[in-house]
Amino acid sequence: MHPLKVEFFHDAVCAWCFVLAPRLQQLQAELNLDIQHRTFILQTSREAMIERFGSMPQAKQTILEHWRACAEAEDTPRINIEGMRQQAFDYPTGLLAGLACQAATLLAGNPGHARMFERLQEAHLVENRNIGDHDTVLTLAEEAGLDTAAFALAFYEQAPQLLHDELAMGQRLGIRSVPSLVIDGRYLVSGALGLDDLRQAMARVREAQ
């Protein structure tokens, strides 16, 4: 069975992406999936957050209600809603995390992107650290096994253009929400599907090849 390319479009601050990611990992070997990580950020600035939610406090309140639904859907309970509620910082956008994932790709390819994304999500949703803070993101990159100096250079110098290009790619492919999967470059699947639904989606694509 040849590898099936699956492009996983995600945002590190997205709890539904956190729900989906381990399911994809579980199916990667079982279904011979070539999972390519892609960044797609819904709000890239504080201004965009306020436009979407009305205010930063309202953004946090609304998003943590979404977290509750995600926590109920998790296969293994990990999301720490009350821990995030108690943090004094504003709910972060996914911008710095997206830049971090691009920098990780430059340094360590797709596996680096995957590792950085996983570390960012765990820090955000489980440990309730502020991934909208530059120093925190640089620390997380080191924790993900990336060279600090090389990461910082890539983060500030090259990652912005790469992130711009990846967001544009997502828009061309019709991505409007996260998580979204583009299977075999042609089939778009949105949402945190369960394992059985994911298996069926992959099987349908293979049958159509």
# chains A, B, ... in the order shown; residues from 1 in each chain; ligands from 1
$ select_by_dssp --residues "range 99-208 of chain A" --states "helix (DSSP H, G or I)" --output "PDB file with C-alpha atoms, in the first residue's frame"
ATOM      1  CA  LEU A  99       6.093  31.363  13.013  1.00  0.00           C
ATOM      2  CA  ALA A 100       7.668  28.836  15.362  1.00  0.00           C
ATOM      3  CA  CYS A 101       6.353  25.941  13.309  1.00  0.00           C
ATOM      4  CA  GLN A 102       7.798  27.461  10.139  1.00  0.00           C
ATOM      5  CA  ALA A 103      11.160  27.983  11.820  1.00  0.00           C
ATOM      6  CA  ALA A 104      11.085  24.373  13.003  1.00  0.00           C
ATOM      7  CA  THR A 105      10.375  23.233   9.445  1.00  0.00           C
ATOM      8  CA  LEU A 106      13.421  25.136   8.209  1.00  0.00           C
ATOM      9  CA  LEU A 107      15.641  23.494  10.814  1.00  0.00           C
ATOM     10  CA  ALA A 108      14.236  19.972  10.927  1.00  0.00           C
ATOM     11  CA  GLY A 109      11.762  19.515   8.088  1.00  0.00           C
ATOM     12  CA  ASN A 110       8.245  18.201   8.506  1.00  0.00           C
ATOM     13  CA  PRO A 111       9.191  16.139  11.598  1.00  0.00           C
ATOM     14  CA  GLY A 112      10.438  19.348  13.209  1.00  0.00           C
ATOM     15  CA  HIS A 113       7.160  21.088  12.417  1.00  0.00           C
ATOM     16  CA  ALA A 114       5.249  18.180  13.941  1.00  0.00           C
ATOM     17  CA  ARG A 115       7.394  18.212  17.086  1.00  0.00           C
ATOM     18  CA  MET A 116       7.127  21.989  17.517  1.00  0.00           C
ATOM     19  CA  PHE A 117       3.376  21.971  16.978  1.00  0.00           C
ATOM     20  CA  GLU A 118       2.888  19.195  19.526  1.00  0.00           C
ATOM     21  CA  ARG A 119       5.044  21.007  22.100  1.00  0.00           C
ATOM     22  CA  LEU A 120       3.182  24.287  21.565  1.00  0.00           C
ATOM     23  CA  GLN A 121      -0.223  22.638  21.897  1.00  0.00           C
ATOM     24  CA  GLU A 122       0.721  20.806  25.075  1.00  0.00           C
ATOM     25  CA  ALA A 123       2.153  23.994  26.569  1.00  0.00           C
ATOM     26  CA  HIS A 124      -1.006  25.908  25.654  1.00  0.00           C
ATOM     27  CA  LEU A 125      -3.789  23.466  26.461  1.00  0.00           C
ATOM     28  CA  HIS A 134       8.200  35.507  22.434  1.00  0.00           C
ATOM     29  CA  ASP A 135      10.383  34.239  25.284  1.00  0.00           C
ATOM     30  CA  THR A 136       7.994  31.379  26.009  1.00  0.00           C
ATOM     31  CA  VAL A 137       8.004  30.296  22.372  1.00  0.00           C
ATOM     32  CA  LEU A 138      11.809  30.368  22.219  1.00  0.00           C
ATOM     33  CA  THR A 139      11.947  28.258  25.381  1.00  0.00           C
ATOM     34  CA  LEU A 140       9.488  25.772  23.921  1.00  0.00           C
ATOM     35  CA  ALA A 141      11.616  25.458  20.795  1.00  0.00           C
ATOM     36  CA  GLU A 142      14.568  24.484  22.976  1.00  0.00           C
ATOM     37  CA  GLU A 143      12.340  21.996  24.810  1.00  0.00           C
ATOM     38  CA  THR A 148      18.161  28.031  20.219  1.00  0.00           C
ATOM     39  CA  ALA A 149      20.318  30.389  18.151  1.00  0.00           C
ATOM     40  CA  ALA A 150      19.443  28.803  14.810  1.00  0.00           C
ATOM     41  CA  PHE A 151      15.771  28.749  15.729  1.00  0.00           C
ATOM     42  CA  ALA A 152      15.741  32.430  16.707  1.00  0.00           C
ATOM     43  CA  LEU A 153      17.404  33.397  13.426  1.00  0.00           C
ATOM     44  CA  ALA A 154      14.918  31.380  11.373  1.00  0.00           C
ATOM     45  CA  PHE A 155      11.993  32.621  13.470  1.00  0.00           C
ATOM     46  CA  TYR A 156      12.739  36.301  12.902  1.00  0.00           C
ATOM     47  CA  GLU A 157      14.332  36.250   9.435  1.00  0.00           C
ATOM     48  CA  ALA A 159       9.611  32.287   9.015  1.00  0.00           C
ATOM     49  CA  PRO A 160       7.384  35.345   8.313  1.00  0.00           C
ATOM     50  CA  GLN A 161       7.516  34.868   4.533  1.00  0.00           C
ATOM     51  CA  LEU A 162       7.104  31.105   4.836  1.00  0.00           C
ATOM     52  CA  LEU A 163       4.073  31.584   7.061  1.00  0.00           C
ATOM     53  CA  HIS A 164       2.577  34.061   4.600  1.00  0.00           C
ATOM     54  CA  ASP A 165       3.043  31.545   1.797  1.00  0.00           C
ATOM     55  CA  GLU A 166       1.516  28.685   3.790  1.00  0.00           C
ATOM     56  CA  LEU A 167      -1.546  30.732   4.754  1.00  0.00           C
ATOM     57  CA  ALA A 168      -1.996  31.637   1.087  1.00  0.00           C
ATOM     58  CA  MET A 169      -1.726  27.961   0.153  1.00  0.00           C
ATOM     59  CA  GLY A 170      -4.468  27.095   2.612  1.00  0.00           C
ATOM     60  CA  GLN A 171      -6.730  29.765   1.191  1.00  0.00           C
ATOM     61  CA  ARG A 172      -6.156  28.474  -2.348  1.00  0.00           C
ATOM     62  CA  LEU A 195     -11.116   7.280  14.208  1.00  0.00           C
ATOM     63  CA  ASP A 196     -13.773   5.369  12.283  1.00  0.00           C
ATOM     64  CA  ASP A 197     -14.742   8.422  10.227  1.00  0.00           C
ATOM     65  CA  LEU A 198     -11.077   9.092   9.458  1.00  0.00           C
ATOM     66  CA  ARG A 199     -10.570   5.508   8.332  1.00  0.00           C
ATOM     67  CA  GLN A 200     -13.603   5.758   6.063  1.00  0.00           C
ATOM     68  CA  ALA A 201     -12.428   9.071   4.581  1.00  0.00           C
ATOM     69  CA  MET A 202      -8.988   7.640   3.794  1.00  0.00           C
ATOM     70  CA  ALA A 203     -10.522   4.493   2.305  1.00  0.00           C
ATOM     71  CA  ARG A 204     -12.795   6.517   0.014  1.00  0.00           C
ATOM     72  CA  VAL A 205      -9.830   8.488  -1.295  1.00  0.00           C
ATOM     73  CA  ARG A 206      -7.803   5.342  -1.965  1.00  0.00           C
ATOM     74  CA  GLU A 207     -10.751   3.820  -3.835  1.00  0.00           C
ATOM     75  CA  ALA A 208     -10.983   6.939  -6.012  1.00  0.00           C
TER      76      ALA A 208
END
$ residues_around --residues "His2 in chain A" --least-positions-apart "4" --cutoff "10 Å" --atoms "only C-alpha atoms" --output "ChimeraX atom specification"
/A:31-34,206
$ write_last_selection --atoms "C-alpha atoms" --output "compact mmCIF listing (two decimals), in the first residue's frame"
# COMPACT_ATOMS: atom_id res chain seq x y z
CA LEU A 31 -3.04 3.37 7.06
CA ASN A 32 0.42 4.34 5.75
CA LEU A 33 -0.29 8.07 5.90
CA ASP A 34 2.27 10.68 4.85
CA ARG A 206 -7.80 5.34 -1.97
$ closest_residue --among "A:Leu4, A:Ile81, A:Leu24, A:Asp11" --to "Arg186 in chain A" --atoms "only C-alpha atoms"
A:Leu4
$ atom_distance --atom1 "CA of Ser55 in chain A" --atom2 "CA of Asp90 in chain A"
10.1 Å
$ closest_residue --among "A:Met56, A:Pro92, A:Pro179, A:Val6" --to "Ala21 in chain A" --atoms "only C-alpha atoms"
A:Pro179
$ atom_distance --atom1 "CA of Glu72 in chain A" --atom2 "CA of Lys60 in chain A"
18.5 Å
$ closest_residue --among "A:Gly145, A:Pro57, A:Gly94, A:Gly132" --to "Val178 in chain A" --atoms "only C-alpha atoms"
A:Gly94
